[in-house]
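Below: the structure, in structure tokens.
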Amino acid sequence: MSSTQKKNALLTGVSLLLMAGLAGYSYGFVYQQLVITGDEVQTVQNIRNSLDQFHYGIAGWVGILILDIMVAFGFFRIFQSQNFRLSLASAILRIAYCLFLVFAINQLKHAAQAISVTSSGGDVMAFLAEFEKYWSQGLIVFGLHLIGIGILSWQSTFIPKILAGLATFAGFCYFVIHGTRALFPSWDSVLNEAEMYLALPMGLGEIALAIWLIVVALKSK
């Protein structure tokens, strides 16, 4: 690895781990704790009683967005010397995913505003549904990005093939699950179950790669 690749590998790896931590907080701790699927009354009450926490969750999503942009450029700089076109395409796909994330975060902001000005939960639930729709659609594009990163990792000389395969498999899962959800909304319960079983490899796809990038960057110094 060149010195530039080492710096970008370290920055990208750290950014990915920070992103995983923020996602665990904003989605795993805040969103899933406050938003009860199919229960409008309880969801509105939860958010109203924990509005500051909901705002912190939104701030976490903004942090994820910033880190996602950094990671897009980081991966491009790591792999551009070996395959410029695929590196650029993968970076563009991640930036495109970020645009979906902007729309999704905006829906959370609207939900928080609706909580503050109305006692009706209909608008709140509609905004939350839009958040999930935009995010899920974005994850279709994210899956394609991750497949590209998996291929680039496979072509590289410094990333183990098993990590490249894991990233590719995770990207394929994101693409298939969320693509199917967009085409066949009525399959949501089946897809949720599939996602539950595939959550570990999907999550490990980038996290394992992040840890390896940090290790390689530090060992190479």
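Identifiers in the structure tokens: chain A, B, ... in order shown; residue index from 1 per chain; ligand index from 1 in order shown.
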Would you tabulate, counting only C-alpha atoms, all residues of range 44-124 of chain A that have an atom at most 12 Å from an atom of range 152-162 of chain A, showing the closest pair of atoms and their distance in Å to one decimal, sorted by chain then ascending number, as a tab-separated table?
residue	atom	partner	partner_atom	distance
A:Phe75	CA	A:Leu152	CA	9.5
A:Phe76	CA	A:Leu152	CA	10.0
A:Arg77	CA	A:Leu152	CA	11.9
A:Ile78	CA	A:Leu152	CA	9.7
A:Phe79	CA	A:Leu152	CA	6.8
A:Gln80	CA	A:Leu152	CA	9.3
A:Ser81	CA	A:Ser156	CA	10.2
A:Gln82	CA	A:Ser156	CA	7.5
A:Asn83	CA	A:Leu152	CA	7.4
A:Phe84	CA	A:Leu152	CA	10.0
A:Arg85	CA	A:Leu152	CA	10.6
A:Leu86	CA	A:Leu152	CA	7.5
A:Ser87	CA	A:Leu152	CA	7.4
A:Leu88	CA	A:Leu152	CA	11.1
A:Ala89	CA	A:Leu152	CA	11.2
A:Ser90	CA	A:Leu152	CA	9.3
A:Ala91	CA	A:Leu152	CA	11.8
Using the selection just defined, write its residues with N, CA and C atoms as an mmCIF file, in the first residue's frame.
data_model
loop_
_atom_site.group_PDB
_atom_site.id
_atom_site.type_symbol
_atom_site.label_atom_id
_atom_site.label_comp_id
_atom_site.auth_asym_id
_atom_site.auth_seq_id
_atom_site.Cartn_x
_atom_site.Cartn_y
_atom_site.Cartn_z
ATOM 1 N N PHE A 75 -12.961 5.160 0.171
ATOM 2 C CA PHE A 75 -12.877 3.940 -0.635
ATOM 3 C C PHE A 75 -12.362 4.255 -2.045
ATOM 4 N N PHE A 76 -12.819 5.373 -2.604
ATOM 5 C CA PHE A 76 -12.367 5.744 -3.949
ATOM 6 C C PHE A 76 -10.854 5.936 -3.971
ATOM 7 N N ARG A 77 -10.327 6.616 -2.977
ATOM 8 C CA ARG A 77 -8.887 6.883 -2.945
ATOM 9 C C ARG A 77 -8.079 5.619 -2.673
ATOM 10 N N ILE A 78 -8.661 4.690 -1.930
ATOM 11 C CA ILE A 78 -7.959 3.434 -1.653
ATOM 12 C C ILE A 78 -7.820 2.592 -2.916
ATOM 13 N N PHE A 79 -8.888 2.519 -3.701
ATOM 14 C CA PHE A 79 -8.931 1.572 -4.820
ATOM 15 C C PHE A 79 -8.729 2.193 -6.200
ATOM 16 N N GLN A 80 -8.647 3.515 -6.306
ATOM 17 C CA GLN A 80 -8.635 4.140 -7.634
ATOM 18 C C GLN A 80 -7.442 3.723 -8.486
ATOM 19 N N SER A 81 -6.306 3.433 -7.856
ATOM 20 C CA SER A 81 -5.114 3.082 -8.635
ATOM 21 C C SER A 81 -5.228 1.709 -9.285
ATOM 22 N N GLN A 82 -6.064 0.832 -8.730
ATOM 23 C CA GLN A 82 -6.179 -0.517 -9.297
ATOM 24 C C GLN A 82 -7.347 -0.638 -10.272
ATOM 25 N N ASN A 83 -8.417 0.147 -10.063
ATOM 26 C CA ASN A 83 -9.573 0.089 -10.964
ATOM 27 C C ASN A 83 -10.335 1.407 -10.826
ATOM 28 N N PHE A 84 -9.931 2.385 -11.617
ATOM 29 C CA PHE A 84 -10.483 3.735 -11.470
ATOM 30 C C PHE A 84 -11.986 3.766 -11.724
ATOM 31 N N ARG A 85 -12.430 3.119 -12.799
ATOM 32 C CA ARG A 85 -13.841 3.207 -13.180
ATOM 33 C C ARG A 85 -14.760 2.588 -12.133
ATOM 34 N N LEU A 86 -14.408 1.399 -11.663
ATOM 35 C CA LEU A 86 -15.252 0.747 -10.660
ATOM 36 C C LEU A 86 -15.200 1.503 -9.339
ATOM 37 N N SER A 87 -14.029 2.044 -8.992
ATOM 38 C CA SER A 87 -13.906 2.845 -7.767
ATOM 39 C C SER A 87 -14.796 4.080 -7.838
ATOM 40 N N LEU A 88 -14.786 4.740 -8.995
ATOM 41 C CA LEU A 88 -15.609 5.935 -9.175
ATOM 42 C C LEU A 88 -17.093 5.587 -9.148
ATOM 43 N N ALA A 89 -17.465 4.502 -9.830
ATOM 44 C CA ALA A 89 -18.871 4.082 -9.848
ATOM 45 C C ALA A 89 -19.355 3.746 -8.443
ATOM 46 N N SER A 90 -18.518 3.060 -7.672
ATOM 47 C CA SER A 90 -18.890 2.696 -6.299
ATOM 48 C C SER A 90 -19.058 3.933 -5.427
ATOM 49 N N ALA A 91 -18.163 4.915 -5.611
ATOM 50 C CA ALA A 91 -18.262 6.161 -4.844
ATOM 51 C C ALA A 91 -19.540 6.917 -5.204
#
Write out as an MDAnalysis selection string which residues come within 12 Å of Gln33 in chain A when counting only C-alpha atoms, dropping same-chain ones fewer than 3 positions away. chainID A and resid 24:30 36:37 42:43 45:47 50 53:54 57
Near-Val190 in chain A list (12 Å; only C-alpha atoms; drop same-chain fewer than 6 positions) as a PyMOL selection string: chain A and resi 177-178+180-181+184+196-197
CA of Gly179 in chain A to CA of Trp61 in chain A, straight-line distance in Å: 22.3 Å
Pick from A:Met202, A:Met125, A:Ala20, A:Val102 nearest to Gly143 in chain A, counting only C-alpha atoms: A:Met202
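Shortest separation to Phe172 in chain A among A:Val141, A:Leu67, A:Leu93, A:Val117 occurs at residue A:Val141, atoms counted being only C-alpha atoms.
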Do you know which residues are at most 10 Å from Ala59 in chain A counting only C-alpha atoms, after dropping those on the same chain fewer than 4 positions away, and could you put them as an MDAnalysis selection string? chainID A and resid 22 26 53:55 63:65 105 109
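Once Trp135 in chain A and its same-chain neighbours fewer than 3 positions away are set aside, Phe100, Leu101, Ala104, Phe131, Glu132, Gly138 and Leu139 of chain A remain within 8 Å of it when counting only C-alpha atoms.
Among the candidate residues A:Gly171, A:Gly21, A:Pro185, A:Gly13, the one lying nearest to Ile211 in chain A is A:Gly13, with distances computed using only C-alpha atoms.
Around Gly150 in chain A, within 8 Å and counting only C-alpha atoms, the residues found are Leu146, Trp154, Leu163, Ala164, Gly165, Leu166, Ala167 and Thr168 of chain A, once anything fewer than 4 positions away on its own chain is removed.
Distance annotation: of A:Leu144, A:Val35, A:Ala112, A:Ala170, the residue with the minimal separation from Ile207 in chain A is A:Ala170; atom set is only C-alpha atoms.
Nearest to Phe103 in chain A of all the residues A:Leu34, A:Ile147, A:Leu198, A:Leu128 is A:Leu128, counting only C-alpha atoms.
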Backbone DSSP call of alpha helix (DSSP H) for chain A, listed as a VMD selection string: chain A and resid 3 to 23 32 to 34 40 to 49 51 to 79 84 to 117 122 to 155 161 to 183 188 to 219
